[in-house]
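Novice: Can you keep this structure in mind? I'll have questions shortly.
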Amino acid sequence: MTQTQPVTPTPPASFQTQHDPRTRLGATPLPGGAGTRFRLWTSTARTVAVRVNGTEHVMTSLGGGIYELELPVGPGARYLFVLDGVPTPDPYARFLPDGVHGEAEVVDFGTFDWTDADWHGIKLADCVFYEVHVGTFTPEGTYRAAAEKLPYLKELGVTAIQVMPLAAFDGQRGWGYDGAAFYAPYAPYGRPEDLMALVDAAHRLGLGVFLDVVYNHFGPSGNYLSSYAPSYFTDRFSSAWGMGLDYAEPHMRRYVTGNARMWLRDYHFDGLRLDATPYMTDDSETHILTELAQEIHELGGTHLLLAEDHRNLPDLVTVNHLDGIWTDDFHHETRVTLTGEQEGYYAGYRGGAEALAYTIRRGWRYEGQFWAVKGEEHERGHPSDALEAPNFVYCIQNHDQIGNRPLGERLHQSDGVTLHEYRGAAALLLPMTPLLFQGQEWAASTPFQFFSDHAGELGQAVSEGRKKEFGGFSGFSGEDVPDPQAEQTFLNSKLNWAEREGGEHARTLRLYRDLLRLRREDPVLHNRQRENLTTGHDGDVLWVRTVTGAGERVLLWNLGQDTRAVAEVKLPFTVPRRLLLHTEGREDLTLGAGEAVLVG
């Protein structure tokens with residue numbers, strides 16, 4: 001093959017500039033279409049080359065393990081790096097069209113024609129999150145198909161789409177939490193420009209778009225960072241998912257901070273949800289969470305950073321300067337209330353109106369109390385006084401709480417839970433920052449099961465590991481637990497959009513539309529400060545009261561089995577008698593079992 005003549009590289013003034021485009025690793029198109037700069041760092045390889053469109057070129061050493069070469073090729077070129085004669089995928093690839101083990105494609109982010117110049121982000125207080133798994137959200141399972149559903153979400157009252165992880169992972173299906181190449185959007189969902197088009201379309205409709213990112217581990221297949229430098233990882237830390245990421249290593253640190261900036265700057269995402277932050281272990285002087293918050297808040301506009309964290313630590317907001325926290329306690333108390341479950345971590349919750357009243361009033365249940373779950377005994381959490389209502393992201397179900405059940409059944413499909421109770425629980429999402437999981441708003445009949453697509457022994461290990469991880473839940477011992485590796489498990493989890501306008505599905509959908517409209521338009525509910533919020537209970541009736549200068553709103557949820565008239569509920573204040581909403585659509589002020597009303 002004919003050798004392509006390299007362009008003489010022009011070293012930047014400083015290789016230490018944190019996010020200078022000239023020092024980015026991977027493949028970076030040059031300004032004006034002058035070619036592409038290929039750059040890598042390795043601590044082990046002695047000979048380094050890049051294979052572009054089938055032709056191999058020796059790269060120039062710039063010292064310190066940095067190798068660089070500029071070639072007159074543009075976007076669309078395919079390449080692999082070659083380390084000591086071994087072709088090796090680029091862990092900084094911006095697109096991997098053939099998967100994590102294949103060639104990368106040169107991508108120019110500057111060619112997409114954005115139309116969202118007037119979009120300036122969304123405040124956390126205005127967020128109503130809707131969690132989406134791209135592969136199961138539509139029959140097609142693509143970015144383009146998801147974009148067609150955006151007008152529906154806008155009409156529903158959602159204000160922000162929360163997309164489950166997109167970093168490239170091995171196989172043709174999966175949840176996305178085993179990402180191996182963080183910079184490359186998962187190819188089966190579409191091309192990078194398709195993802196940009198999804199975000200752009202959302203912004204035109206006034207919807208924010210957030211991305212779930214996993215910075216606590218890499219997936220078990222397709223991560224090639226160690227081939228370049230083992231020091232990306234450390235045995236000082238570990239987790240259930242493998243060796244710890246060494247955030248004291250500058251290249252590892254920059255790998256993650258640069259990745260966060262890419263999603264927000266180049267793809268125009270409005271914020272990130274950080275998966276499992278308790279396992280982002282860092283012994284550096286500045287914790288990686290603090291640096292991430294600083295990085296994204298310095299980008300300009302409104303960018304938000306949320307933590308998934310069960311520890312109930314206000315420091316995540318007050319010290320690390322994250323914006324909000326996915327909290328577990330509200331979900332767990334709600335589920336225990338409706339199901340009576342006491343297996344696994346549910347043993348730490350007692351459920352009922354009194355427990356829910358405390359949790360909503362305080363934001364979370366544990367503020368230093370003893371966590372007595374067997375094998376995990378410790379004092380858990382700290383007082384939440386420094387946090388405001390929007391800092392707490394509340395849900396009655398999400399991908400974990402559905403998919404980590406043996407059959408992937410949704411809350412309303414659980415034993416003993418009635419649709420009246422399910423709809424009543426939805427009303428409790430009003431005071432904090434709500435999160436809905438796809439299909440929740442119409443009580444979708446489809447489950448969300450755990451699925452993956454790993455070859456050979458790894459696939460078998462995933463199946464066995466799942467049973468082991470949730471061994472404390474009795475349902476995982478049965479033979480009817482779906483095999484994560486079976487394609488049918490994935491297909492089972494695709495939403496059935498045709499069902500949403502009929503019967504109980506339609507009734508549930510109407511309720512969610514009404515709830516989100518009230519949260520958006522009601523002058524009292526729109527003022528989301530915890531000082532306006534009080535809670536309590538009369539036996540099995542939970543009440544949540546909001547009082548502002550604009551008036552008073554009281555939510556009552558009947559958790560008992562007997563019908564209660566609102567006038568008969570003993571409250572420490574005079575209850576308003578104007579009905580704003582009944583979760584069963586009735587016009588009377590009575591509460592059947594599981595029903596809730598909002599009065600004001």
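Ordering of the structure tokens sets the chain letters (A, B, ...); residue numbers start at 1 within each chain; ligands are numbered from 1 in the order shown.
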Need the shell around Glu68 in chain A: protein/DNA/RNA residues with any atom at most 10 Å away, counting only C-alpha atoms. Skip same-chain ones fewer than 4 positions apart. Format as a list in words?

Specialist: Pro9, Thr10, Pro11, Thr23, Leu25, Gly26, Ala27, Arg37, Phe38, Arg39, Leu40, Trp41, Val48, Ala49, Val50, Val58, Met59, Thr60, Ser61 and Leu62 of chain A

Novice: Would you output that residue set with all heavy atoms, as a compact mmCIF listing (two decimals), in the first residue's frame?

Specialist:
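What ended up in again18.txt:
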# COMPACT_ATOMS: atom_id res chain seq x y z
N PRO A 9 4.92 17.49 12.88
CA PRO A 9 4.18 17.92 14.07
C PRO A 9 4.71 19.23 14.62
O PRO A 9 5.91 19.50 14.56
CB PRO A 9 4.41 16.77 15.06
CG PRO A 9 5.69 16.14 14.64
CD PRO A 9 5.74 16.28 13.13
N THR A 10 3.82 20.04 15.15
CA THR A 10 4.18 21.28 15.81
C THR A 10 3.86 21.14 17.28
O THR A 10 2.70 21.22 17.68
CB THR A 10 3.40 22.47 15.22
OG1 THR A 10 3.62 22.52 13.82
CG2 THR A 10 3.83 23.78 15.85
N PRO A 11 4.88 20.90 18.11
CA PRO A 11 4.61 20.69 19.53
C PRO A 11 3.97 21.91 20.16
O PRO A 11 4.32 23.04 19.82
CB PRO A 11 6.00 20.42 20.13
CG PRO A 11 6.85 20.02 18.97
CD PRO A 11 6.32 20.77 17.80
N THR A 23 -3.05 18.75 23.33
CA THR A 23 -2.45 17.69 24.14
C THR A 23 -3.41 16.53 24.38
O THR A 23 -3.10 15.63 25.15
CB THR A 23 -1.99 18.25 25.51
OG1 THR A 23 -3.13 18.65 26.27
CG2 THR A 23 -1.06 19.43 25.32
N LEU A 25 -5.19 13.08 24.06
CA LEU A 25 -4.79 11.77 23.55
C LEU A 25 -5.89 11.23 22.63
O LEU A 25 -7.05 11.62 22.72
CB LEU A 25 -4.55 10.81 24.71
CG LEU A 25 -3.45 11.24 25.71
CD1 LEU A 25 -3.24 10.16 26.76
CD2 LEU A 25 -2.13 11.56 25.01
N GLY A 26 -5.50 10.35 21.73
CA GLY A 26 -6.43 9.81 20.75
C GLY A 26 -6.21 10.46 19.40
O GLY A 26 -5.07 10.76 19.02
N ALA A 27 -7.28 10.68 18.66
CA ALA A 27 -7.22 11.27 17.33
C ALA A 27 -7.99 12.59 17.34
O ALA A 27 -9.19 12.60 17.66
CB ALA A 27 -7.82 10.33 16.29
N ARG A 37 -4.26 14.75 14.19
CA ARG A 37 -3.16 14.49 15.11
C ARG A 37 -3.48 13.21 15.88
O ARG A 37 -4.52 13.10 16.53
CB ARG A 37 -2.97 15.65 16.08
CG ARG A 37 -1.86 15.38 17.13
CD ARG A 37 -1.78 16.49 18.17
NE ARG A 37 -1.46 17.76 17.54
CZ ARG A 37 -2.29 18.79 17.49
NH1 ARG A 37 -3.50 18.68 18.01
NH2 ARG A 37 -1.92 19.91 16.91
N PHE A 38 -2.59 12.23 15.83
CA PHE A 38 -2.71 11.00 16.60
C PHE A 38 -1.72 11.09 17.76
O PHE A 38 -0.53 11.40 17.54
CB PHE A 38 -2.40 9.78 15.73
CG PHE A 38 -3.38 9.60 14.60
CD1 PHE A 38 -3.13 10.17 13.35
CD2 PHE A 38 -4.56 8.90 14.78
CE1 PHE A 38 -4.03 10.01 12.30
CE2 PHE A 38 -5.47 8.75 13.74
CZ PHE A 38 -5.20 9.31 12.50
N ARG A 39 -2.20 10.82 18.96
CA ARG A 39 -1.36 11.04 20.14
C ARG A 39 -1.67 9.98 21.19
O ARG A 39 -2.83 9.63 21.41
CB ARG A 39 -1.64 12.43 20.72
CG ARG A 39 -0.55 13.03 21.59
CD ARG A 39 -0.81 14.52 21.75
NE ARG A 39 0.35 15.19 22.29
CZ ARG A 39 0.57 15.38 23.60
NH1 ARG A 39 -0.30 14.93 24.48
NH2 ARG A 39 1.66 16.02 24.01
N LEU A 40 -0.65 9.47 21.83
CA LEU A 40 -0.87 8.50 22.91
C LEU A 40 0.19 8.65 23.97
O LEU A 40 1.23 9.29 23.76
CB LEU A 40 -0.89 7.07 22.36
CG LEU A 40 0.39 6.49 21.73
CD1 LEU A 40 1.35 5.94 22.79
CD2 LEU A 40 0.03 5.37 20.76
N TRP A 41 -0.12 8.07 25.13
CA TRP A 41 0.84 7.98 26.23
C TRP A 41 0.96 6.53 26.64
O TRP A 41 -0.04 5.83 26.81
CB TRP A 41 0.37 8.81 27.43
CG TRP A 41 1.23 8.59 28.65
CD1 TRP A 41 2.53 8.96 28.82
CD2 TRP A 41 0.84 7.94 29.86
NE1 TRP A 41 2.98 8.59 30.06
CE2 TRP A 41 1.96 7.97 30.73
CE3 TRP A 41 -0.34 7.34 30.30
CZ2 TRP A 41 1.93 7.41 32.01
CZ3 TRP A 41 -0.37 6.79 31.58
CH2 TRP A 41 0.75 6.83 32.42
N VAL A 48 6.25 2.32 18.89
CA VAL A 48 4.87 2.81 18.81
C VAL A 48 4.58 3.26 17.39
O VAL A 48 5.38 3.96 16.76
CB VAL A 48 4.64 3.98 19.80
CG1 VAL A 48 3.25 4.57 19.61
CG2 VAL A 48 4.84 3.52 21.24
N ALA A 49 3.42 2.85 16.88
CA ALA A 49 2.99 3.25 15.54
C ALA A 49 1.48 3.42 15.55
O ALA A 49 0.79 3.06 16.52
CB ALA A 49 3.41 2.21 14.51
N VAL A 50 0.96 4.00 14.47
CA VAL A 50 -0.47 4.08 14.28
C VAL A 50 -0.80 3.49 12.92
O VAL A 50 -0.11 3.77 11.93
CB VAL A 50 -0.99 5.53 14.40
CG1 VAL A 50 -0.35 6.46 13.37
CG2 VAL A 50 -2.52 5.57 14.28
N VAL A 58 5.13 4.98 11.86
CA VAL A 58 5.86 5.10 13.11
C VAL A 58 5.58 6.47 13.72
O VAL A 58 5.58 7.49 13.01
CB VAL A 58 7.37 4.92 12.89
CG1 VAL A 58 8.14 5.16 14.18
CG2 VAL A 58 7.65 3.51 12.36
N MET A 59 5.32 6.51 15.01
CA MET A 59 5.02 7.76 15.69
C MET A 59 6.27 8.34 16.33
O MET A 59 7.22 7.62 16.64
CB MET A 59 3.92 7.54 16.74
CG MET A 59 2.61 7.04 16.15
SD MET A 59 1.30 6.79 17.37
CE MET A 59 0.94 8.50 17.83
N THR A 60 6.28 9.66 16.51
CA THR A 60 7.43 10.38 17.03
C THR A 60 7.35 10.49 18.55
O THR A 60 6.31 10.89 19.09
CB THR A 60 7.50 11.80 16.43
OG1 THR A 60 7.55 11.69 15.02
CG2 THR A 60 8.70 12.55 16.94
N SER A 61 8.44 10.15 19.23
CA SER A 61 8.48 10.29 20.68
C SER A 61 8.75 11.74 21.04
O SER A 61 9.67 12.37 20.54
CB SER A 61 9.58 9.41 21.27
OG SER A 61 9.72 9.66 22.66
N LEU A 62 7.89 12.26 21.94
CA LEU A 62 8.08 13.62 22.45
C LEU A 62 8.59 13.61 23.89
O LEU A 62 8.69 14.66 24.52
CB LEU A 62 6.76 14.38 22.38
CG LEU A 62 6.12 14.52 20.99
CD1 LEU A 62 4.82 15.30 21.08
CD2 LEU A 62 7.09 15.19 20.02

Novice: Please identify all polymer residues within 6 Å of range 378-389 of chain A, counting only C-alpha atoms, omitting same-chain residues fewer than 6 positions from it, and present them as a PyMOL selection string.

Specialist: chain A and resi 311-314+366-371+432+529-530

Novice: Please provide as a PyMOL selection string all residues within 10 Å of range 94-105 of chain A, with the sequence filter that same-chain residues fewer than 4 positions apart are discarded (counting only C-alpha atoms).

Specialist: chain A and resi 26-28+51-53+74-81+87-90+109+167-172+179-188+190-192+221-224+262

Novice: Tell me, which residues of range 323-542 of chain A carry DSSP strand (DSSP E), written as a ChimeraX atom specification?

Specialist: /A:324-326,370-371,378-379,392-394,433-437,533-538,541-542

Novice: If you run DSSP on the backbone here, which positions in range 354-459 of chain A get alpha helix (DSSP H)? Please write them as an MDAnalysis selection string.

Specialist: chainID A and resid 354:362 399:403 419:426 456:459

Novice: Which residue, A:His321, A:Lys570, A:His582, A:His120, has the smallest gap to Leu555 in chain A when you use only C-alpha atoms?

Specialist: A:His582

Novice: Measuring atom to atom with only C-alpha atoms, identify which of A:Ala276, A:Ala593, A:Leu495, A:Val134 is nearest to Met164 in chain A.

Specialist: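 Closest residue, counting only C-alpha atoms: A:Val134.
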
Novice: Ile360 in chain A: which residues within 9 Å, counting only C-alpha atoms, same-chain residues fewer than 5 positions away excluded, as number ranges by chain?

Specialist: A: 330, 355, 365, 428, 431-432, 533-535, 544

Novice: Store the residues picked out above in a file with N, CA, C and O atoms, as an mmCIF file, in the first residue's frame.

Specialist:
data_model
loop_
_atom_site.group_PDB
_atom_site.id
_atom_site.type_symbol
_atom_site.label_atom_id
_atom_site.label_comp_id
_atom_site.auth_asym_id
_atom_site.auth_seq_id
_atom_site.Cartn_x
_atom_site.Cartn_y
_atom_site.Cartn_z
ATOM 1 N N PHE A 330 -35.932 7.269 50.639
ATOM 2 C CA PHE A 330 -37.336 7.473 50.304
ATOM 3 C C PHE A 330 -37.875 6.283 49.508
ATOM 4 O O PHE A 330 -38.961 5.774 49.796
ATOM 5 N N ALA A 355 -42.802 6.479 59.342
ATOM 6 C CA ALA A 355 -41.454 6.427 58.779
ATOM 7 C C ALA A 355 -41.344 7.294 57.525
ATOM 8 O O ALA A 355 -40.342 7.982 57.307
ATOM 9 N N ARG A 365 -33.711 9.056 55.694
ATOM 10 C CA ARG A 365 -34.079 8.390 56.954
ATOM 11 C C ARG A 365 -32.930 8.353 57.949
ATOM 12 O O ARG A 365 -33.114 8.519 59.156
ATOM 13 N N LEU A 428 -46.280 11.436 46.139
ATOM 14 C CA LEU A 428 -45.220 11.799 47.078
ATOM 15 C C LEU A 428 -43.987 12.363 46.381
ATOM 16 O O LEU A 428 -43.067 12.854 47.040
ATOM 17 N N PRO A 431 -42.805 17.060 46.374
ATOM 18 C CA PRO A 431 -42.010 18.063 47.096
ATOM 19 C C PRO A 431 -40.544 18.157 46.681
ATOM 20 O O PRO A 431 -39.968 19.240 46.722
ATOM 21 N N MET A 432 -39.898 17.048 46.326
ATOM 22 C CA MET A 432 -38.466 17.058 46.048
ATOM 23 C C MET A 432 -38.246 17.102 44.531
ATOM 24 O O MET A 432 -39.070 17.606 43.794
ATOM 25 N N LEU A 533 -42.121 23.088 54.295
ATOM 26 C CA LEU A 533 -42.632 21.721 54.276
ATOM 27 C C LEU A 533 -42.707 21.136 55.687
ATOM 28 O O LEU A 533 -41.737 21.190 56.443
ATOM 29 N N THR A 534 -43.865 20.604 56.054
ATOM 30 C CA THR A 534 -44.013 19.842 57.291
ATOM 31 C C THR A 534 -44.742 18.543 56.965
ATOM 32 O O THR A 534 -45.466 18.453 55.964
ATOM 33 N N THR A 535 -44.529 17.530 57.795
ATOM 34 C CA THR A 535 -45.150 16.226 57.563
ATOM 35 C C THR A 535 -45.623 15.642 58.889
ATOM 36 O O THR A 535 -45.195 16.060 59.968
ATOM 37 N N VAL A 544 -48.567 15.588 54.089
ATOM 38 C CA VAL A 544 -47.433 16.437 53.727
ATOM 39 C C VAL A 544 -48.008 17.819 53.438
ATOM 40 O O VAL A 544 -48.812 17.992 52.522
#

Novice: Need to verify the contact set: Ala117 in chain A, 12 Å, only C-alpha atoms, exclusion of same-chain residues closer than 5 positions in sequence. Can you return it as a VMD selection string?

Specialist: chain A and resid 200 203 to 204 268 301

Novice: Now that the selection is made, can you save its residues with all heavy atoms as a PDB file, in the first residue's frame?

Specialist:
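The resulting again-v8.pdb:
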ATOM      1  N   ASP A 200     -29.915  18.014  20.640  1.00  0.00           N
ATOM      2  CA  ASP A 200     -30.330  19.246  19.982  1.00  0.00           C
ATOM      3  C   ASP A 200     -31.850  19.336  19.896  1.00  0.00           C
ATOM      4  O   ASP A 200     -32.454  20.383  20.163  1.00  0.00           O
ATOM      5  CB  ASP A 200     -29.702  19.302  18.590  1.00  0.00           C
ATOM      6  CG  ASP A 200     -29.750  20.689  17.965  1.00  0.00           C
ATOM      7  OD1 ASP A 200     -29.457  21.667  18.683  1.00  0.00           O
ATOM      8  OD2 ASP A 200     -30.075  20.789  16.774  1.00  0.00           O
ATOM      9  N   HIS A 203     -33.364  20.141  23.307  1.00  0.00           N
ATOM     10  CA  HIS A 203     -33.203  21.551  23.668  1.00  0.00           C
ATOM     11  C   HIS A 203     -34.185  22.437  22.910  1.00  0.00           C
ATOM     12  O   HIS A 203     -34.691  23.432  23.460  1.00  0.00           O
ATOM     13  CB  HIS A 203     -31.760  21.987  23.400  1.00  0.00           C
ATOM     14  CG  HIS A 203     -30.789  21.430  24.382  1.00  0.00           C
ATOM     15  ND1 HIS A 203     -29.416  21.508  24.219  1.00  0.00           N
ATOM     16  CD2 HIS A 203     -30.971  20.751  25.555  1.00  0.00           C
ATOM     17  CE1 HIS A 203     -28.808  20.929  25.237  1.00  0.00           C
ATOM     18  NE2 HIS A 203     -29.742  20.464  26.060  1.00  0.00           N
ATOM     19  N   ARG A 204     -34.463  22.111  21.669  1.00  0.00           N
ATOM     20  CA  ARG A 204     -35.435  22.904  20.914  1.00  0.00           C
ATOM     21  C   ARG A 204     -36.820  22.844  21.556  1.00  0.00           C
ATOM     22  O   ARG A 204     -37.607  23.785  21.437  1.00  0.00           O
ATOM     23  CB  ARG A 204     -35.518  22.411  19.464  1.00  0.00           C
ATOM     24  CG  ARG A 204     -34.318  22.774  18.617  1.00  0.00           C
ATOM     25  CD  ARG A 204     -34.654  22.694  17.130  1.00  0.00           C
ATOM     26  NE  ARG A 204     -35.143  21.385  16.727  1.00  0.00           N
ATOM     27  CZ  ARG A 204     -34.381  20.373  16.340  1.00  0.00           C
ATOM     28  NH1 ARG A 204     -33.056  20.520  16.319  1.00  0.00           N
ATOM     29  NH2 ARG A 204     -34.912  19.213  15.978  1.00  0.00           N
ATOM     30  N   HIS A 268     -23.239  18.701  24.305  1.00  0.00           N
ATOM     31  CA  HIS A 268     -24.197  19.655  24.861  1.00  0.00           C
ATOM     32  C   HIS A 268     -25.110  19.067  25.937  1.00  0.00           C
ATOM     33  O   HIS A 268     -26.202  19.590  26.173  1.00  0.00           O
ATOM     34  CB  HIS A 268     -25.046  20.290  23.753  1.00  0.00           C
ATOM     35  CG  HIS A 268     -24.289  21.199  22.835  1.00  0.00           C
ATOM     36  ND1 HIS A 268     -24.905  22.188  22.099  1.00  0.00           N
ATOM     37  CD2 HIS A 268     -22.966  21.275  22.529  1.00  0.00           C
ATOM     38  CE1 HIS A 268     -24.001  22.835  21.369  1.00  0.00           C
ATOM     39  NE2 HIS A 268     -22.812  22.283  21.610  1.00  0.00           N
ATOM     40  N   GLY A 301     -22.627  28.622  31.572  1.00  0.00           N
ATOM     41  CA  GLY A 301     -23.992  28.141  31.467  1.00  0.00           C
ATOM     42  C   GLY A 301     -24.399  27.406  32.725  1.00  0.00           C
ATOM     43  O   GLY A 301     -23.807  27.570  33.794  1.00  0.00           O
TER      44      GLY A 301
END

Novice: What does the distance from CA of Tyr228 in chain A to CA of Glu70 in chain A come to in Å, to one decimal?

Specialist: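 These atoms are spaced 19.9 Å apart.
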
Novice: Go through A:Leu338, A:Leu419, A:Glu487, A:Asp126 one by one, measure the shortest atom-to-atom distance of each to Gly503 in chain A using only C-alpha atoms, and give the residue with the smallest value.

Specialist: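 Of A:Leu338, A:Leu419, A:Glu487, A:Asp126, the one nearest Gly503 in chain A, counting only C-alpha atoms, is A:Leu419.
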
Novice: Neighbours of Thr234 in chain A within 12 Å (only C-alpha atoms; same-chain residues fewer than 5 positions away dropped), as a PyMOL selection string?

Specialist: chain A and resi 217+226+229+239+242-249+252+281-283

Novice: Could you tell me which of A:Glu56, A:Asp275, A:Glu595, A:Glu531 comes closest to Thr563 in chain A if we count only C-alpha atoms?

Specialist: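 Between A:Glu56, A:Asp275, A:Glu595, A:Glu531, the residue approaching Thr563 in chain A most closely is A:Glu595.
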